[in-house]
file final.tsv (TSV, C-alpha atoms and all ligand atoms)
chain	number	residue	atom	x	y	z
B	780	MET	CA	73.25	57.04	112.66
B	781	THR	CA	72.66	55.55	109.19
B	782	VAL	CA	69.18	56.14	107.86
B	783	GLU	CA	68.03	53.05	105.96
B	784	LYS	CA	65.83	53.59	102.93
B	785	VAL	CA	63.60	50.63	103.73
B	786	VAL	CA	63.24	48.56	106.87
B	787	ILE	CA	61.00	45.51	106.54
B	788	ILE	CA	59.68	43.87	109.69
B	789	GLY	CA	58.77	40.22	109.22
B	790	GLY	CA	60.37	37.22	107.52
B	791	GLY	CA	57.37	35.51	105.95
B	792	PRO	CA	56.30	35.50	102.29
B	793	ALA	CA	55.16	39.15	102.38
B	794	GLY	CA	58.42	40.34	103.95
B	795	PHE	CA	60.65	38.29	101.65
B	796	THR	CA	58.80	39.53	98.57
B	797	ALA	CA	59.08	43.12	99.76
B	798	GLY	CA	62.80	42.38	100.15
B	799	ILE	CA	63.09	41.05	96.60
B	800	TYR	CA	61.31	44.06	95.09
B	801	ALA	CA	63.03	46.69	97.26
B	802	GLY	CA	66.37	44.99	96.66
B	803	ARG	CA	65.89	45.01	92.91
B	804	SER	CA	65.05	48.73	93.18
B	805	GLN	CA	68.53	49.29	94.69
B	806	LEU	CA	67.08	50.26	98.06
B	807	SER	CA	69.30	47.83	100.02
B	808	PRO	CA	66.55	46.89	102.48
B	809	VAL	CA	67.07	45.63	106.01
B	810	LEU	CA	64.68	42.81	106.88
B	811	ILE	CA	64.19	42.15	110.59
B	812	ALA	CA	62.93	38.60	110.60
B	813	GLY	CA	62.14	37.82	114.23
B	814	GLN	CA	63.39	34.58	115.72
B	815	SER	CA	62.67	32.20	112.87
B	816	LEU	CA	62.43	32.53	109.11
B	817	GLY	CA	59.37	31.85	107.00
B	818	GLY	CA	56.54	32.82	109.35
B	819	GLN	CA	53.46	30.64	109.25
B	820	MET	CA	54.48	29.36	105.82
B	821	ALA	CA	57.40	27.52	107.44
B	822	LEU	CA	54.99	25.77	109.80
B	823	THR	CA	52.96	24.37	106.89
B	824	SER	CA	53.74	20.78	106.05
B	825	GLU	CA	52.83	20.90	102.36
B	826	VAL	CA	51.97	23.94	100.24
B	827	GLU	CA	49.88	22.79	97.28
B	828	ASN	CA	48.32	26.00	96.03
B	829	TYR	CA	51.30	28.27	95.44
B	830	PRO	CA	51.83	28.56	91.68
B	831	GLY	CA	55.00	27.18	90.19
B	832	PHE	CA	55.14	24.02	92.30
B	833	PRO	CA	52.73	21.59	90.63
B	834	GLU	CA	53.75	18.73	92.94
B	835	GLY	CA	53.58	20.94	96.05
B	836	ILE	CA	56.49	22.04	98.22
B	837	SER	CA	57.14	22.01	101.95
B	838	GLY	CA	56.58	25.37	103.64
B	839	GLN	CA	60.11	25.31	105.03
B	840	GLU	CA	61.67	24.73	101.62
B	841	LEU	CA	59.62	27.50	100.06
B	842	ALA	CA	60.71	29.86	102.86
B	843	GLN	CA	64.37	29.02	102.22
B	844	LEU	CA	63.99	29.69	98.50
B	845	MET	CA	62.32	33.05	99.13
B	846	GLN	CA	65.04	34.01	101.63
B	847	LYS	CA	67.76	33.13	99.14
B	848	GLN	CA	66.06	35.19	96.43
B	849	ALA	CA	65.71	38.23	98.73
B	850	GLU	CA	69.38	37.98	99.73
B	851	ARG	CA	70.44	37.66	96.11
B	852	PHE	CA	69.12	41.18	95.51
B	853	GLY	CA	70.85	42.69	98.51
B	854	THR	CA	68.32	42.29	101.33
B	855	ARG	CA	70.16	42.21	104.65
B	856	ILE	CA	68.39	39.76	106.94
B	857	VAL	CA	68.68	40.33	110.68
B	858	MET	CA	67.47	37.71	113.16
B	859	ASP	CA	66.12	40.00	115.84
B	860	GLN	CA	62.81	40.97	117.40
B	861	VAL	CA	61.31	44.45	117.13
B	862	THR	CA	60.32	45.73	120.56
B	863	SER	CA	58.94	49.19	119.65
B	864	VAL	CA	58.67	51.73	116.87
B	865	ASP	CA	58.38	55.51	116.84
B	866	LEU	CA	56.37	56.58	113.81
B	867	ALA	CA	55.57	60.08	115.09
B	868	SER	CA	58.75	61.62	113.69
B	869	HIS	CA	60.54	61.02	110.40
B	870	PRO	CA	62.86	59.18	109.79
B	871	PHE	CA	61.09	56.46	111.74
B	872	THR	CA	62.78	54.67	114.62
B	873	VAL	CA	62.67	50.89	115.01
B	874	LYS	CA	64.02	49.38	118.21
B	875	THR	CA	64.98	45.73	118.52
B	876	TYR	CA	66.58	43.73	121.33
B	877	GLY	CA	69.90	44.12	119.52
B	878	GLY	CA	69.84	47.72	118.27
B	879	THR	CA	68.09	50.75	116.83
B	880	TYR	CA	67.35	51.48	113.18
B	881	LYS	CA	66.33	54.72	111.48
B	882	ALA	CA	64.26	54.33	108.33
B	883	GLN	CA	62.80	56.50	105.60
B	884	THR	CA	60.12	53.90	104.98
B	885	LEU	CA	58.84	50.95	106.94
B	886	ILE	CA	57.09	47.85	105.67
B	887	VAL	CA	55.28	45.91	108.37
B	888	ALA	CA	54.86	42.26	107.39
B	889	THR	CA	54.69	40.63	110.80
B	890	GLY	CA	51.80	38.32	109.97
B	891	ALA	CA	49.80	36.53	112.59
B	892	SER	CA	50.45	33.86	115.22
B	893	PRO	CA	48.38	30.85	116.26
B	894	ARG	CA	45.49	31.70	118.55
B	895	LYS	CA	45.55	29.95	121.92
B	896	LEU	CA	42.58	27.97	123.17
B	897	GLY	CA	42.86	29.52	126.61
B	898	VAL	CA	41.96	26.40	128.58
B	899	PRO	CA	43.59	24.97	131.73
B	900	GLY	CA	46.64	22.83	130.91
B	901	GLU	CA	47.35	24.50	127.55
B	902	LYS	CA	50.22	26.66	128.76
B	903	GLU	CA	51.53	24.06	131.20
B	904	PHE	CA	51.81	21.35	128.53
B	905	THR	CA	53.01	23.47	125.60
B	906	GLY	CA	56.05	21.62	124.28
B	907	ARG	CA	55.10	18.54	126.34
B	908	GLY	CA	52.11	17.39	124.33
B	909	VAL	CA	50.51	20.66	123.24
B	910	SER	CA	51.67	21.97	119.88
B	911	TYR	CA	50.69	24.54	117.27
B	912	CYS	CA	52.91	23.03	114.55
B	913	ALA	CA	52.42	19.54	113.16
B	914	THR	CA	55.35	20.03	110.79
B	915	CYS	CA	57.67	20.69	113.71
B	916	ASP	CA	56.35	18.12	116.18
B	917	GLY	CA	54.40	15.50	114.22
B	918	PHE	CA	57.31	13.08	114.11
B	919	PHE	CA	57.34	12.80	117.93
B	920	TYR	CA	53.89	11.20	117.73
B	921	THR	CA	54.93	8.23	115.64
B	922	GLY	CA	52.82	5.29	116.82
B	923	ARG	CA	50.89	7.47	119.29
B	924	ARG	CA	47.44	9.08	119.54
B	925	VAL	CA	46.71	12.74	118.86
B	926	VAL	CA	43.81	15.15	118.74
B	927	VAL	CA	43.53	18.20	116.51
B	928	VAL	CA	41.33	21.11	117.59
B	929	GLY	CA	39.64	23.30	114.94
B	930	GLY	CA	37.76	22.92	111.68
B	931	GLY	CA	39.52	25.29	109.26
B	932	ASP	CA	42.08	24.62	106.51
B	933	SER	CA	44.96	24.45	108.99
B	934	ALA	CA	43.27	21.93	111.29
B	935	VAL	CA	42.21	19.59	108.50
B	936	GLU	CA	45.40	19.88	106.45
B	937	GLU	CA	47.59	19.25	109.49
B	938	ALA	CA	45.33	16.41	110.72
B	939	LEU	CA	45.98	14.75	107.37
B	940	TYR	CA	49.71	15.30	107.79
B	941	LEU	CA	49.64	13.80	111.28
B	942	THR	CA	48.17	10.54	109.95
B	943	ARG	CA	51.68	9.83	108.58
B	944	PHE	CA	52.87	9.36	112.16
B	945	ALA	CA	50.01	8.84	114.60
B	946	THR	CA	47.93	5.70	114.98
B	947	GLU	CA	44.74	7.74	115.35
B	948	VAL	CA	43.87	11.39	114.81
B	949	TYR	CA	40.70	12.73	116.42
B	950	LEU	CA	39.56	16.08	115.07
B	951	ILE	CA	37.50	17.98	117.62
B	952	HIS	CA	35.37	20.74	116.14
B	953	ARG	CA	32.88	23.04	117.80
B	954	ARG	CA	30.31	22.73	115.01
B	955	ASP	CA	28.88	19.87	112.94
B	956	ARG	CA	30.57	20.88	109.70
B	957	LEU	CA	34.05	21.91	108.69
B	958	ARG	CA	35.10	25.34	107.53
B	959	ALA	CA	38.03	23.90	105.53
B	960	GLU	CA	38.17	23.83	101.72
B	961	LYS	CA	36.24	20.97	100.12
B	962	VAL	CA	39.40	19.33	98.79
B	963	PHE	CA	40.79	18.98	102.34
B	964	GLN	CA	37.42	17.86	103.71
B	965	GLU	CA	37.09	15.06	101.18
B	966	ARG	CA	40.59	13.81	101.87
B	967	ALA	CA	39.94	13.85	105.62
B	968	PHE	CA	36.62	12.00	105.31
B	969	ARG	CA	38.31	9.36	103.17
B	970	ASN	CA	41.21	8.86	105.60
B	971	GLU	CA	40.50	5.96	107.93
B	972	LYS	CA	42.84	7.23	110.62
B	973	ILE	CA	40.87	10.47	111.08
B	974	LYS	CA	37.83	10.41	113.32
B	975	PHE	CA	35.62	13.36	114.18
B	976	ILE	CA	34.17	14.60	117.44
B	977	TRP	CA	31.53	17.12	116.34
B	978	ASP	CA	29.83	19.96	118.21
B	979	SER	CA	32.48	19.77	120.87
B	980	VAL	CA	35.13	21.91	122.52
B	981	VAL	CA	38.18	21.04	124.60
B	982	THR	CA	37.72	22.49	128.08
B	983	GLU	CA	40.90	21.16	129.72
B	984	ILE	CA	44.18	19.48	128.80
B	985	MET	CA	45.29	16.94	131.36
B	986	GLY	CA	48.53	15.12	132.02
B	987	GLY	CA	51.41	14.54	134.36
B	988	GLU	CA	55.20	14.44	134.55
B	989	SER	CA	55.55	12.72	131.19
B	990	GLY	CA	53.20	15.07	129.33
B	991	VAL	CA	49.63	15.07	128.08
B	992	THR	CA	47.44	12.05	128.81
B	993	ALA	CA	43.91	13.26	127.97
B	994	VAL	CA	41.64	16.14	127.04
B	995	ARG	CA	38.32	16.99	128.64
B	996	VAL	CA	35.73	17.41	125.90
B	997	LYS	CA	32.35	19.09	126.19
B	998	ASN	CA	29.52	18.65	123.71
B	999	VAL	CA	28.17	22.17	123.21
B	1000	LYS	CA	24.69	20.91	122.25
B	1001	THR	CA	24.05	18.38	125.01
B	1002	GLY	CA	26.41	19.71	127.68
B	1003	GLU	CA	27.80	16.19	128.09
B	1004	GLU	CA	31.45	16.05	129.18
B	1005	PHE	CA	33.94	13.22	128.88
B	1006	GLU	CA	37.66	12.52	128.98
B	1007	HIS	CA	39.34	11.53	125.75
B	1008	PRO	CA	42.75	9.84	126.16
B	1009	THR	CA	45.50	11.23	123.93
B	1010	ASP	CA	49.26	11.75	123.82
B	1011	GLY	CA	49.22	15.03	121.92
B	1012	VAL	CA	47.01	18.04	121.22
B	1013	PHE	CA	47.50	20.09	118.06
B	1014	ILE	CA	45.65	23.40	118.21
B	1015	TYR	CA	44.51	25.16	115.02
B	1016	VAL	CA	41.81	27.64	116.00
B	1017	GLY	CA	42.83	30.62	113.86
B	1018	ASN	CA	45.34	33.39	114.24
B	1019	VAL	CA	45.93	36.73	115.94
B	1020	PRO	CA	47.89	39.55	114.25
B	1021	ASN	CA	51.39	40.40	115.49
B	1022	THR	CA	50.89	44.11	116.06
B	1023	GLN	CA	51.42	44.53	119.80
B	1024	PHE	CA	54.54	46.67	119.22
B	1025	LEU	CA	52.49	49.09	117.07
B	1026	ALA	CA	49.87	50.04	119.66
B	1027	GLY	CA	49.07	53.74	119.50
B	1028	GLN	CA	51.34	54.30	116.47
B	1029	LEU	CA	49.15	53.17	113.57
B	1030	GLU	CA	45.47	52.73	112.92
B	1031	LEU	CA	44.47	49.17	113.81
B	1032	THR	CA	41.11	47.43	113.58
B	1033	ASP	CA	39.23	46.24	116.68
B	1034	ARG	CA	40.86	42.84	116.19
B	1035	GLY	CA	44.35	44.37	115.99
B	1036	TYR	CA	44.94	44.13	112.22
B	1037	ILE	CA	46.55	47.07	110.38
B	1038	VAL	CA	44.18	49.24	108.36
B	1039	THR	CA	45.50	49.71	104.81
B	1040	ASP	CA	44.25	50.95	101.49
B	1041	ARG	CA	44.50	49.00	98.23
B	1042	ARG	CA	48.14	50.00	97.85
B	1043	CYS	CA	49.25	48.85	101.29
B	1044	HIS	CA	49.40	52.41	102.70
B	1045	THR	CA	48.74	52.62	106.43
B	1046	SER	CA	47.49	55.62	108.40
B	1047	VAL	CA	51.09	56.95	108.57
B	1048	PRO	CA	52.64	58.14	105.27
B	1049	GLY	CA	55.81	56.17	104.55
B	1050	VAL	CA	54.65	53.15	106.55
B	1051	PHE	CA	53.23	50.25	104.55
B	1052	ALA	CA	51.81	46.90	105.58
B	1053	ALA	CA	51.71	43.62	103.69
B	1054	GLY	CA	50.41	40.08	104.21
B	1055	ASP	CA	48.30	38.61	106.99
B	1056	VAL	CA	48.90	41.55	109.33
B	1057	GLN	CA	46.52	43.60	107.16
B	1058	GLU	CA	42.79	43.32	107.68
B	1059	TRP	CA	42.68	40.77	104.98
B	1060	VAL	CA	40.10	38.75	103.14
B	1061	LEU	CA	42.24	35.89	101.93
B	1062	PRO	CA	45.28	35.00	104.06
B	1063	GLN	CA	47.27	32.95	101.58
B	1064	ILE	CA	50.92	32.82	100.56
B	1065	ALA	CA	49.94	33.95	97.05
B	1066	THR	CA	48.17	37.07	98.33
B	1067	ALA	CA	50.90	37.85	100.90
B	1068	VAL	CA	53.45	37.77	98.10
B	1069	GLY	CA	51.35	40.18	95.99
B	1070	SER	CA	50.97	42.68	98.79
B	1071	GLY	CA	54.70	42.44	99.64
B	1072	ALA	CA	55.50	43.48	96.07
B	1073	MET	CA	52.96	46.31	96.21
B	1074	ALA	CA	54.29	47.62	99.55
B	1075	ALA	CA	57.87	47.68	98.26
B	1076	MET	CA	56.94	49.56	95.10
B	1077	GLU	CA	54.92	52.08	97.10
B	1078	ALA	CA	57.89	52.53	99.46
B	1079	GLU	CA	60.07	53.18	96.42
B	1080	LYS	CA	57.66	55.87	95.24
B	1081	PHE	CA	57.63	57.48	98.68
B	1082	ILE	CA	61.45	57.62	98.71
B	1083	ALA	CA	61.51	59.03	95.17
B	1084	ALA	CA	59.18	61.82	96.30
B	1085	LEU	CA	61.37	62.50	99.35
B	1086	GLU	CA	64.38	62.75	97.11
B	1087	ASP	CA	62.35	64.89	94.74
B	1088	ARG	CA	62.90	62.52	91.86
B	1089	ALA	CA	60.25	62.62	89.18
B	1090	TYR	CA	58.17	59.46	89.44
B	1091	PRO	CA	55.20	58.93	87.22
B	1092	GLU	CA	51.92	58.51	89.12
B	1093	ARG	CA	50.42	55.16	88.22
B	1094	SER	CA	46.79	54.91	87.38
B	1095	GLU	CA	44.63	52.68	89.63
T	1101	LIG	P1	40.38	29.67	110.46
T	1101	LIG	O1	40.05	29.51	109.03
T	1101	LIG	O2	40.09	30.95	111.16
T	1101	LIG	O3	39.67	28.47	111.24
T	1101	LIG	C1	39.73	28.40	112.63
T	1101	LIG	C2	38.93	27.19	113.07
T	1101	LIG	O4	39.00	27.09	114.49
T	1101	LIG	C3	37.45	27.28	112.71
T	1101	LIG	O5	36.99	26.02	112.33
T	1101	LIG	C4	36.81	27.75	114.01
T	1101	LIG	O6	35.52	27.23	114.18
T	1101	LIG	C5	37.71	27.12	115.04
T	1101	LIG	N1	37.78	27.89	116.29
T	1101	LIG	C6	38.04	29.21	116.43
T	1101	LIG	N2	38.10	29.55	117.74
T	1101	LIG	C7	37.85	28.41	118.43
T	1101	LIG	C8	37.77	28.09	119.80
T	1101	LIG	N3	37.98	29.01	120.75
T	1101	LIG	N4	37.52	26.80	120.15
T	1101	LIG	C9	37.34	25.86	119.21
T	1101	LIG	N5	37.41	26.09	117.90
T	1101	LIG	C10	37.66	27.35	117.51
T	1101	LIG	O7	41.96	29.44	110.75
T	1101	LIG	P2	43.03	28.54	109.96
T	1101	LIG	O8	42.50	27.21	109.64
T	1101	LIG	O9	44.28	28.65	110.78
T	1101	LIG	O10	43.25	29.33	108.61
T	1101	LIG	C11	43.61	30.72	108.64
T	1101	LIG	C12	43.60	31.24	107.21
T	1101	LIG	O11	44.68	30.62	106.48
T	1101	LIG	C13	42.31	30.86	106.47
T	1101	LIG	O12	41.92	31.91	105.64
T	1101	LIG	C14	42.71	29.66	105.64
T	1101	LIG	O13	41.95	29.53	104.46
T	1101	LIG	C15	44.18	29.95	105.35
T	1101	LIG	N6	44.90	28.66	105.18
T	1101	LIG	C16	44.97	28.17	103.91
T	1101	LIG	C17	45.61	26.97	103.69
T	1101	LIG	C18	45.71	26.46	102.28
T	1101	LIG	O14	45.10	27.01	101.40
T	1101	LIG	N7	46.45	25.43	102.02
T	1101	LIG	C19	46.16	26.24	104.75
T	1101	LIG	C20	46.03	26.77	106.03
T	1101	LIG	C21	45.40	27.97	106.23
T	1101	LIG	P3	34.28	27.74	113.26
T	1101	LIG	O15	34.46	27.05	111.94
T	1101	LIG	O16	33.10	27.30	114.02
T	1101	LIG	O17	34.42	29.23	113.18
call {"tool": "encode", "arguments": {"input": "final.tsv", "output": "structure tokens", "more": "lines below"}}
Ligand code: NAP
result
Amino acid sequence: MTVEKVVIIGGGPAGFTAGIYAGRSQLSPVLIAGQSLGGQMALTSEVENYPGFPEGISGQELAQLMQKQAERFGTRIVMDQVTSVDLASHPFTVKTYGGTYKAQTLIVATGASPRKLGVPGEKEFTGRGVSYCATCDGFFYTGRRVVVVGGGDSAVEEALYLTRFATEVYLIHRRDRLRAEKVFQERAFRNEKIKFIWDSVVTEIMGGESGVTAVRVKNVKTGEEFEHPTDGVFIYVGNVPNTQFLAGQLELTDRGYIVTDRRCHTSVPGVFAAGDVQEWVLPQIATAVGSGAMAAMEAEKFIAALEDRAYPERSE
């Protein structure tokens, strides 16, 4: 079986950047992208804070550009899902639904997925009124009413995006102030279509054959409960890392993120992690890109050492 020099798992900004850097280092990386390209970036309606795009760019477009750039330098992109890895013996083994790969180095850039609310009706109505992606589903709510759950950057940014389509957007947040950046907050407060339900949580999503019709809302301070009629529920209550396939193979934090040092090294030599899957202070496209570059260069160094090529140690 062919032993790849670098296998990258994850097709978001960290993975694509690792692909660009490993590709330019002549390592001919394989990038296993999962089922869709771009990761969370592709679910973002408008990216305004990634340098080089002063007018902003849609997350999907940015993902396509990054993919093209990675492919230009020889990254082979495979649309498949990793099911398990064996990191106990070297070369490492990566199993997907479609095949098995052997790799000298592995870069894990699997990011994080939207956290579920975990309330009755959420699972039942997913795709029929419950969504985690305004960019994908916002259009279906043209002329209709929606609620957004959460108070972070994602909730507020996507609530603003939804005002393009919906007649009213209610943002339901469990506290009395938003966590989102000030610039998003100000825009939301100025937007007449956005209304706020403070100190409140959604306890149930209700509906019928045709989809969602209402949410049950509970005020956490007074205990008061009421039904709020709506056609759609967009949930933005944070993320959980995609590391289930790594259990027992790598050191993870209590919350399931990969433990890394400043150079993206994990607890297993030759395995690197980049982007939001790391225990991370600032989950942004800009930082994911930086760590993707770092992981690829560290993988290159690891391979050079394996091949006994002289490689100058860089100072910190
Ligand atoms: P987040 O910052 O973790 O915010 C999650 C929000 O959901 C918080 O307001 C939290 O409330 C609320 N929440 C959590 N669990 C809940 C529950 N069970 N029920 C009700 N509400 C709940 O997540 P995010 O907004 O997805 O952002 C993730 C990261 O990506 C952040 O670091 C963010 O800055 C970054 N991001 C950046 C941009 C940008 O710069 N353009 C855009 C999107 C995301 P509390 O506030 O009470 O904790």
call {"tool": "closest_residue", "arguments": {"input": "final.tsv", "among": "B:Met1076, B:Val861, B:Ala934, B:Cys915", "to": "ligand LIG 1101 (chain T)", "atoms": "only C-alpha atoms and all ligand atoms"}}
result
B:Ala934
call {"tool": "atom_distance", "arguments": {"input": "final.tsv", "atom1": "atom CA of B:Pro1048", "atom2": "atom CA of B:Thr879"}}
result
20.7 Å
call {"tool": "closest_residue", "arguments": {"input": "final.tsv", "among": "B:Ala945, B:Ala1067, B:Ala849, B:Ala1053", "to": "ligand LIG 1101 (chain T)", "atoms": "all atoms listed in the file"}}
result
B:Ala1067
call {"tool": "residues_near_ligand", "arguments": {"input": "final.tsv", "ligand": "ligand LIG 1101 (chain T)", "cutoff": "9 Å", "atoms": "all atoms listed in the file", "output": "PyMOL selection string"}}
result
chain B and resi 819-820+823+825-829+893-897+928-937+951-960+963+979-981+1014-1018+1055+1059-1064
call {"tool": "residues_around", "arguments": {"input": "final.tsv", "residues": "B:Ala891", "least_positions_apart": "6", "cutoff": "6 Å", "atoms": "all atoms listed in the file", "output": "VMD selection string"}}
result
chain B and resid 1018 to 1021
call {"tool": "closest_residue", "arguments": {"input": "final.tsv", "among": "B:Glu840, B:Glu850, B:Glu1077, B:Asp859", "to": "B:Ser807", "atoms": "all atoms listed in the file"}}
result
B:Glu850
call {"tool": "residues_around", "arguments": {"input": "final.tsv", "residues": "B:Ala888", "least_positions_apart": "6", "cutoff": "10 Å", "atoms": "all atoms listed in the file", "output": "list in words"}}
result
Ile787, Ile788, Gly789, Gly790, Gly791, Pro792, Ala793, Gly794, Phe795, Ala797, Leu810, Ile811, Ala812, Gly818, Asn1021, Thr1022, Phe1051, Ala1052, Ala1053, Gly1054, Asp1055, Val1056, Gln1057, Ala1067, Ser1070, Gly1071 and Ala1074 of chain B
